[in-house]
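Listing of my_file13.cif; format and content: mmCIF, C-alpha atoms.
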```cif
data_start
#
loop_
_atom_site.label_atom_id
_atom_site.label_comp_id
_atom_site.auth_asym_id
_atom_site.auth_seq_id
_atom_site.Cartn_x
_atom_site.Cartn_y
_atom_site.Cartn_z
CA MET N 1 14.56 19.89 -60.23
CA LYS N 2 14.28 20.37 -63.97
CA ASN N 3 16.73 18.59 -66.24
CA SER N 4 17.52 18.10 -69.90
CA VAL N 5 18.41 14.43 -69.72
CA ARG N 6 15.70 13.35 -72.17
CA GLU N 7 16.62 15.98 -74.76
CA ARG N 8 20.34 15.20 -74.50
CA ARG N 9 19.72 11.45 -74.65
CA GLN N 10 17.53 11.77 -77.73
CA ALA N 11 20.06 14.11 -79.36
CA ALA N 12 22.71 11.46 -78.80
CA GLY N 13 20.42 8.82 -80.32
CA TRP N 14 20.48 6.63 -77.24
CA SER N 15 17.69 4.56 -75.79
CA GLN N 16 16.81 4.79 -72.11
CA ALA N 17 18.23 1.31 -71.65
CA HIS N 18 21.52 2.31 -73.26
CA LEU N 19 21.86 5.38 -71.05
CA ALA N 20 20.99 3.30 -67.99
CA GLU N 21 23.71 0.83 -68.95
CA ARG N 22 26.27 3.61 -69.36
CA LEU N 23 25.33 5.10 -65.98
CA GLU N 24 25.21 1.66 -64.32
CA VAL N 25 21.69 2.23 -62.99
CA THR N 26 18.33 0.69 -63.85
CA ARG N 27 16.15 1.87 -66.75
CA LEU N 28 13.43 2.91 -64.29
CA THR N 29 15.95 5.26 -62.73
CA VAL N 30 16.56 6.96 -66.08
CA ILE N 31 12.82 7.14 -66.78
CA SER N 32 12.15 8.70 -63.36
CA ILE N 33 14.94 11.26 -63.77
CA GLU N 34 13.68 12.24 -67.22
CA LYS N 35 10.17 12.73 -65.83
CA GLY N 36 11.56 14.85 -63.00
CA ARG N 37 10.19 12.48 -60.37
CA PHE N 38 13.59 11.49 -59.01
CA ASP N 39 16.43 13.81 -58.13
CA PRO N 40 19.63 11.82 -58.60
CA SER N 41 22.38 11.68 -56.02
CA LEU N 42 25.29 14.05 -56.52
CA PRO N 43 27.65 11.31 -57.79
CA LEU N 44 25.01 10.15 -60.29
CA ALA N 45 24.35 13.73 -61.42
CA PHE N 46 28.07 14.13 -62.07
CA ARG N 47 28.15 10.85 -64.03
CA ILE N 48 25.19 12.01 -66.12
CA ALA N 49 26.90 15.32 -66.90
CA ARG N 50 30.17 13.54 -67.73
CA THR N 51 28.33 11.10 -69.99
CA PHE N 52 26.88 13.98 -71.99
CA GLY N 53 30.20 15.84 -71.94
CA CYS N 54 28.90 18.96 -70.23
CA ALA N 55 28.80 20.66 -66.85
CA ILE N 56 26.34 19.50 -64.20
CA GLU N 57 24.53 22.86 -64.21
CA ASP N 58 23.95 22.50 -67.95
CA VAL N 59 21.92 19.34 -67.36
CA PHE N 60 20.18 20.18 -64.08
CA ASP N 61 18.35 23.37 -63.30
CA PRO N 62 16.92 24.04 -59.84
CA ASP N 63 13.18 24.57 -59.86
CA GLU N 64 12.55 28.22 -59.04
CA ASN N 65 9.37 27.32 -57.11
CA ASP N 66 11.25 24.84 -54.95
CA PRO N 67 12.39 26.64 -51.76
CA ALA N 68 15.28 24.18 -51.48
CA GLY N 69 16.35 24.85 -55.07
CA MET K 70 33.47 -23.11 -57.71
CA VAL K 71 33.24 -26.70 -56.43
CA THR K 72 35.03 -25.56 -53.27
CA ARG K 73 32.55 -22.72 -52.78
CA TRP K 74 29.57 -25.03 -53.24
CA THR K 75 31.16 -27.54 -50.84
CA LEU K 76 31.52 -24.79 -48.25
CA ALA K 77 27.90 -23.73 -48.83
CA VAL K 78 26.68 -27.30 -48.25
CA LEU K 79 28.88 -27.56 -45.13
CA VAL K 80 27.30 -24.37 -43.77
CA GLY K 81 23.89 -25.88 -44.51
CA LEU K 82 24.79 -29.11 -42.67
CA ALA K 83 26.15 -27.11 -39.72
CA VAL K 84 22.99 -25.01 -39.47
CA ALA K 85 20.78 -28.09 -39.77
CA SER K 86 22.82 -29.91 -37.09
CA VAL K 87 22.60 -27.01 -34.62
CA VAL K 88 18.87 -26.50 -35.19
CA GLY K 89 18.20 -30.25 -34.98
CA LEU K 90 20.26 -30.52 -31.79
CA LEU K 91 18.42 -27.59 -30.19
CA ALA K 92 15.06 -29.10 -31.13
CA TRP K 93 16.15 -32.48 -29.73
CA LEU K 94 17.28 -30.89 -26.44
CA LEU K 95 14.33 -28.53 -25.98
CA SER K 96 11.34 -30.35 -27.44
CA PRO K 97 9.01 -31.60 -24.68
CA VAL K 98 7.48 -34.33 -26.87
CA THR K 99 9.15 -36.82 -29.21
CA PRO K 100 12.53 -35.04 -29.11
CA ALA K 101 14.18 -37.37 -31.63
CA LEU K 102 11.47 -36.86 -34.24
CA SER K 103 11.43 -33.10 -33.58
CA GLY K 104 15.20 -32.97 -34.02
CA VAL K 105 15.04 -34.78 -37.36
CA VAL K 106 12.14 -32.65 -38.66
CA PHE K 107 13.78 -29.37 -37.64
CA ALA K 108 17.13 -30.47 -39.08
CA VAL K 109 15.60 -31.51 -42.43
CA THR K 110 13.49 -28.35 -42.77
CA SER K 111 16.38 -26.04 -41.85
CA LEU K 112 18.83 -27.70 -44.26
CA PRO K 113 17.66 -25.71 -47.36
CA VAL K 114 17.77 -22.49 -45.35
CA GLY K 115 21.30 -23.31 -44.20
CA ILE K 116 22.47 -24.12 -47.72
CA THR K 117 20.94 -20.84 -48.93
CA LEU K 118 22.88 -19.03 -46.22
CA GLY K 119 26.05 -20.79 -47.36
CA TRP K 120 25.27 -19.85 -50.97
CA VAL K 121 24.87 -16.19 -49.94
CA ILE K 122 28.19 -16.26 -48.09
CA PHE K 123 30.38 -18.31 -50.43
CA VAL K 124 28.82 -18.72 -53.90
CA ALA K 125 26.91 -15.50 -54.61
CA PRO K 126 29.89 -13.13 -54.28
CA ALA K 127 31.65 -15.03 -57.05
CA THR K 128 28.70 -15.43 -59.40
CA MET K 129 26.33 -12.51 -58.96
CA PRO K 130 27.17 -9.38 -60.96
CA THR K 131 27.34 -6.38 -58.64
CA SER K 132 27.02 -2.79 -59.72
CA PRO K 133 29.29 -0.30 -57.94
CA HIS K 134 26.51 2.27 -58.27
CA ALA K 135 23.51 0.18 -57.19
CA GLU K 136 22.68 2.65 -54.42
CA ASP K 137 22.07 5.38 -57.04
CA SER K 138 19.10 3.55 -58.53
CA ILE K 139 15.55 4.65 -57.76
CA GLU K 140 14.67 1.15 -56.50
CA VAL K 141 16.85 1.82 -53.44
CA THR K 142 14.90 5.04 -52.79
CA TRP K 143 11.60 3.19 -53.13
CA MET K 144 12.78 0.51 -50.71
CA ASP K 145 13.99 3.12 -48.19
CA GLN K 146 10.64 4.91 -48.38
CA ALA K 147 8.74 1.61 -48.08
CA LEU K 148 10.73 0.52 -45.02
CA THR K 149 10.26 3.93 -43.38
CA GLY K 150 6.51 3.61 -43.92
CA THR K 151 6.59 0.05 -42.62
CA ALA K 152 8.16 1.24 -39.36
CA THR K 153 5.29 3.72 -38.95
CA ASP K 154 2.73 1.01 -39.80
CA LEU K 155 4.22 -1.32 -37.19
CA VAL K 156 4.06 1.35 -34.49
CA VAL K 157 0.40 2.02 -35.35
CA VAL K 158 -0.50 -1.70 -35.43
CA ILE K 159 1.33 -2.42 -32.18
CA GLY K 160 -0.31 0.58 -30.50
CA LEU K 161 -3.82 -0.33 -31.65
CA THR K 162 -3.30 -4.00 -30.76
CA LEU K 163 -2.02 -3.04 -27.33
CA ALA K 164 -5.05 -0.81 -26.78
CA ALA K 165 -7.43 -3.55 -27.92
CA VAL K 166 -5.75 -6.18 -25.74
CA SER K 167 -5.73 -3.84 -22.73
CA ILE K 168 -9.43 -3.06 -23.08
CA THR K 169 -10.70 -6.55 -23.87
CA ARG K 170 -8.10 -8.35 -21.69
CA TRP K 171 -7.58 -10.98 -24.37
CA GLU K 172 -4.83 -13.53 -23.77
CA LEU K 173 -3.16 -13.78 -27.16
CA PRO K 174 -0.42 -16.36 -27.76
CA THR K 175 3.02 -14.76 -28.20
CA VAL K 176 3.83 -16.86 -31.26
CA LEU K 177 0.63 -15.72 -32.98
CA LEU K 178 1.34 -12.06 -32.19
CA LEU K 179 4.92 -12.21 -33.46
CA LEU K 180 3.81 -14.00 -36.61
CA ALA K 181 1.11 -11.38 -37.21
CA LEU K 182 3.64 -8.57 -36.79
CA LEU K 183 6.00 -10.26 -39.25
CA ILE K 184 3.19 -10.63 -41.80
CA VAL K 185 2.15 -6.98 -41.31
CA ALA K 186 5.76 -5.86 -41.82
CA PHE K 187 6.25 -7.93 -44.99
CA GLY K 188 2.84 -6.92 -46.35
CA SER K 189 3.34 -3.23 -45.61
CA ALA K 190 6.79 -3.11 -47.21
CA SER K 191 5.63 -5.06 -50.28
CA VAL K 192 2.52 -2.94 -50.83
CA ARG K 193 4.36 0.35 -50.29
CA TYR K 194 7.17 -0.64 -52.67
CA THR K 195 4.72 -1.85 -55.31
CA LEU K 196 2.67 1.37 -55.06
CA ALA K 197 5.78 3.56 -55.37
CA ARG K 198 6.88 1.59 -58.45
CA HIS K 199 3.40 1.68 -59.94
CA ARG K 200 3.10 5.46 -59.44
CA ALA K 201 6.49 6.08 -61.04
CA ILE K 202 5.69 3.95 -64.09
CA ARG K 203 2.21 5.45 -64.56
CA ALA K 204 3.23 9.08 -64.15
#
```

Output the file's structure as structure tokens, nothing else.
Amino acid sequence: MKNSVRERRQAAGWSQAHLAERLEVTRLTVISIEKGRFDPSLPLAFRIARTFGCAIEDVFDPDENDPAG
Amino acid sequence: MVTRWTLAVLVGLAVASVVGLLAWLLSPVTPALSGVVFAVTSLPVGITLGWVIFVAPATMPTSPHAEDSIEVTWMDQALTGTATDLVVVIGLTLAAVSITRWELPTVLLLLALLIVAFGSASVRYTLARHRAIRA
């Protein structure tokens, strides 16, 4: 699943550690989400969207090649 | 906090007493010495258990969203792989023992399985973490 977490975090001027602290997860979790190697749980995806003040579908975009997406 | 630590030490003493008593009752040789040795060696484990029950909940910071972290996913994947590894190791060992008719001591077998399980989970978790950091 593609996402714009990195772009939104950088636009906000936050470090990965700061975002991780706000989301109450580890920094490795943020790094993995930004790299697209970890699809967050639904509650975490909602927290990410709320943190950036946007809708969940604005942050996460299903990969068109993924049959589950 | 003093009360919690007191309770932790009491749990440790209780565990050590029970283990020492069992060793004293069941040991075929030098039961008194066995009881003392088992009691002394199980005391730190018992106190740790008491610490987990009484002290840690009041001192360790807990995140309400810990299950959302990727480390939990890595651990789940590692433990799933470990279960598969154990089935394979047990199957191969059983085949080898059946063919060769070896008489392996039960304690040695159980210890080997425990080591395989710990090793498998550790290696799998470390590899998953390493891959995620490198990618």

_chain N residues near chain K (12 Å cut-off, all atoms listed in the file) as a list in words_ =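 For chain N, the answer reads Ala20, Glu21, Arg22, Leu23, Glu24, Val25, Thr26, Arg27, Leu28, Thr29, Val30, Ile31, Ser32, Ile33, Glu34, Lys35, Gly36, Arg37, Phe38, Asp39, Pro40, Ser41, Leu42, Pro43, Leu44, Ala45, Phe46, Arg47 and Ile48 of chain N.
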
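Each of K:Val106, K:Val87, K:Val158, K:Val114 was checked against Ala186 (chain K) using all atoms listed in the file; the smallest atom-to-atom distance is that of K:Val158.
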
_One-decimal distance in Å that lies between CA of Gly188 (chain K) and CA of Trp171 (chain K)_ =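 Here the two named atoms are 24.7 Å from each other.
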
_Selection near Arg9 (chain N), 12 Å with all atoms listed in the file, sequence-local residues under 2 positions removed, as an MDAnalysis selection string_ = chainID N and resid 3:7 11:20 22 30:31 33:34 48:49 51:53 59

*Might you spell out which residues the PyMOL selection byres ((chain K and resi 115) around 10) would select in the displayed file, as a list in words?*
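Taken on the displayed file, the PyMOL selection byres ((chain K and resi 115) around 10) yields the residues Ala77, Val78, Leu79, Val80, Gly81, Leu82, Ala83, Val84, Ala85, Ser86, Val88, Ala108, Thr110, Ser111, Leu112, Pro113, Val114, Ile116, Thr117, Leu118, Gly119, Trp120 and Val121 of chain K.
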
*asked:* List the spatial neighbours of Ala92 (chain K) as a list of chain:residue names - criterion: any atom at most 9 Å away, only C-alpha atoms, same-chain residues fewer than 6 positions off excluded.
replied: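 Near neighbours after the sequence-gap exclusion: K:Pro100, K:Ala101, K:Ser103, K:Gly104, K:Val105, K:Val106, K:Phe107, K:Ala108.
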
Explicit residues for the PyMOL selection byres ((chain K and resi 190-196) around 7) (as a JSON list (two decimals) with C-alpha atoms, in the coordinates of the input):
```
[["chain", "number", "residue", "atom", "x", "y", "z"],
["K", 143, "TRP", "CA", 11.60, 3.19, -53.13],
["K", 144, "MET", "CA", 12.78, 0.51, -50.71],
["K", 147, "ALA", "CA", 8.74, 1.61, -48.08],
["K", 148, "LEU", "CA", 10.73, 0.52, -45.02],
["K", 151, "THR", "CA", 6.59, 0.05, -42.62],
["K", 186, "ALA", "CA", 5.76, -5.86, -41.82],
["K", 187, "PHE", "CA", 6.25, -7.93, -44.99],
["K", 188, "GLY", "CA", 2.84, -6.92, -46.35],
["K", 189, "SER", "CA", 3.34, -3.23, -45.61],
["K", 197, "ALA", "CA", 5.78, 3.56, -55.37],
["K", 198, "ARG", "CA", 6.88, 1.59, -58.45],
["K", 199, "HIS", "CA", 3.40, 1.68, -59.94],
["K", 200, "ARG", "CA", 3.10, 5.46, -59.44]]
```

*Give me, please, the distance in Å between CA of Ile168 (chain K) and CA of Thr149 (chain K), quoted to one decimal.*
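We find that CA of Ile168 (chain K) and CA of Thr149 (chain K) lie 29.1 Å from each other.
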
*Please evaluate the PyMOL selection byres ((chain N and resi 61) around 8) against the structure above and give the resulting residues as a list in words.*
Met1, Lys2, Asn3, Glu57, Asp58, Val59, Phe60, Pro62 and Asp63 of chain N

Go ahead and save the picked residues with C-alpha atoms, as a PDB file, keeping the file's coordinate frame.
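Once everything was written out, this is result_4.pdb:
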```
ATOM      1  CA  MET N   1      14.560  19.890 -60.230  1.00  0.00           C
ATOM      2  CA  LYS N   2      14.280  20.370 -63.970  1.00  0.00           C
ATOM      3  CA  ASN N   3      16.730  18.590 -66.240  1.00  0.00           C
ATOM      4  CA  GLU N  57      24.530  22.860 -64.210  1.00  0.00           C
ATOM      5  CA  ASP N  58      23.950  22.500 -67.950  1.00  0.00           C
ATOM      6  CA  VAL N  59      21.920  19.340 -67.360  1.00  0.00           C
ATOM      7  CA  PHE N  60      20.180  20.180 -64.080  1.00  0.00           C
ATOM      8  CA  PRO N  62      16.920  24.040 -59.840  1.00  0.00           C
ATOM      9  CA  ASP N  63      13.180  24.570 -59.860  1.00  0.00           C
TER      10      ASP N  63
END
```

*To one decimal in Å, tell me the separation between CA of Phe123 (chain K) and CA of Val109 (chain K).*
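Atom-to-atom, CA of Phe123 (chain K) and CA of Val109 (chain K) are spaced 21.4 Å apart.
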
Give me the box for region 117-135 of chain K as lines of an AutoDock Vina configuration file, namely the centre and edge lengths in Å to one decimal of a box along x, y and z that holds every listed atom plus 6 Å on each side.
```
center_x = 26.3
center_y = -9.3
center_z = -53.6
size_x = 22.7
size_y = 35.1
size_z = 26.7
```

Reconstruct N, CA, C and O atoms of region 102-115 of chain K; output as a compact mmCIF listing (two decimals), in the coordinates of the input.
```txt
# COMPACT_ATOMS: atom_id res chain seq x y z
N LEU K 102 12.20 -37.20 -33.01
CA LEU K 102 11.47 -36.86 -34.24
C LEU K 102 11.52 -35.35 -34.50
O LEU K 102 11.74 -34.91 -35.64
N SER K 103 11.36 -34.55 -33.43
CA SER K 103 11.43 -33.10 -33.58
C SER K 103 12.80 -32.68 -34.12
O SER K 103 12.90 -31.82 -34.99
N GLY K 104 13.84 -33.30 -33.56
CA GLY K 104 15.20 -32.97 -34.02
C GLY K 104 15.38 -33.25 -35.49
O GLY K 104 15.93 -32.42 -36.23
N VAL K 105 14.89 -34.41 -35.94
CA VAL K 105 15.04 -34.78 -37.36
C VAL K 105 14.24 -33.82 -38.25
O VAL K 105 14.75 -33.32 -39.27
N VAL K 106 12.99 -33.53 -37.85
CA VAL K 106 12.14 -32.65 -38.66
C VAL K 106 12.75 -31.25 -38.76
O VAL K 106 12.86 -30.67 -39.85
N PHE K 107 13.19 -30.72 -37.62
CA PHE K 107 13.78 -29.37 -37.64
C PHE K 107 15.07 -29.36 -38.46
O PHE K 107 15.35 -28.40 -39.18
N ALA K 108 15.86 -30.41 -38.34
CA ALA K 108 17.13 -30.47 -39.08
C ALA K 108 16.86 -30.51 -40.59
O ALA K 108 17.50 -29.79 -41.37
N VAL K 109 15.90 -31.37 -40.99
CA VAL K 109 15.60 -31.51 -42.43
C VAL K 109 15.03 -30.21 -43.00
O VAL K 109 15.42 -29.75 -44.09
N THR K 110 14.13 -29.57 -42.25
CA THR K 110 13.49 -28.35 -42.77
C THR K 110 14.46 -27.15 -42.77
O THR K 110 14.29 -26.22 -43.55
N SER K 111 15.45 -27.17 -41.88
CA SER K 111 16.38 -26.04 -41.85
C SER K 111 17.57 -26.24 -42.79
O SER K 111 18.33 -25.29 -43.01
N LEU K 112 17.71 -27.45 -43.35
CA LEU K 112 18.83 -27.70 -44.26
C LEU K 112 18.82 -26.77 -45.49
O LEU K 112 19.84 -26.15 -45.81
N PRO K 113 17.66 -26.64 -46.19
CA PRO K 113 17.66 -25.71 -47.36
C PRO K 113 17.99 -24.28 -46.97
O PRO K 113 18.68 -23.58 -47.72
N VAL K 114 17.49 -23.86 -45.82
CA VAL K 114 17.77 -22.49 -45.35
C VAL K 114 19.27 -22.33 -45.10
O VAL K 114 19.89 -21.33 -45.47
N GLY K 115 19.86 -23.34 -44.48
CA GLY K 115 21.30 -23.31 -44.20
C GLY K 115 22.13 -23.29 -45.47
O GLY K 115 23.12 -22.54 -45.57
```
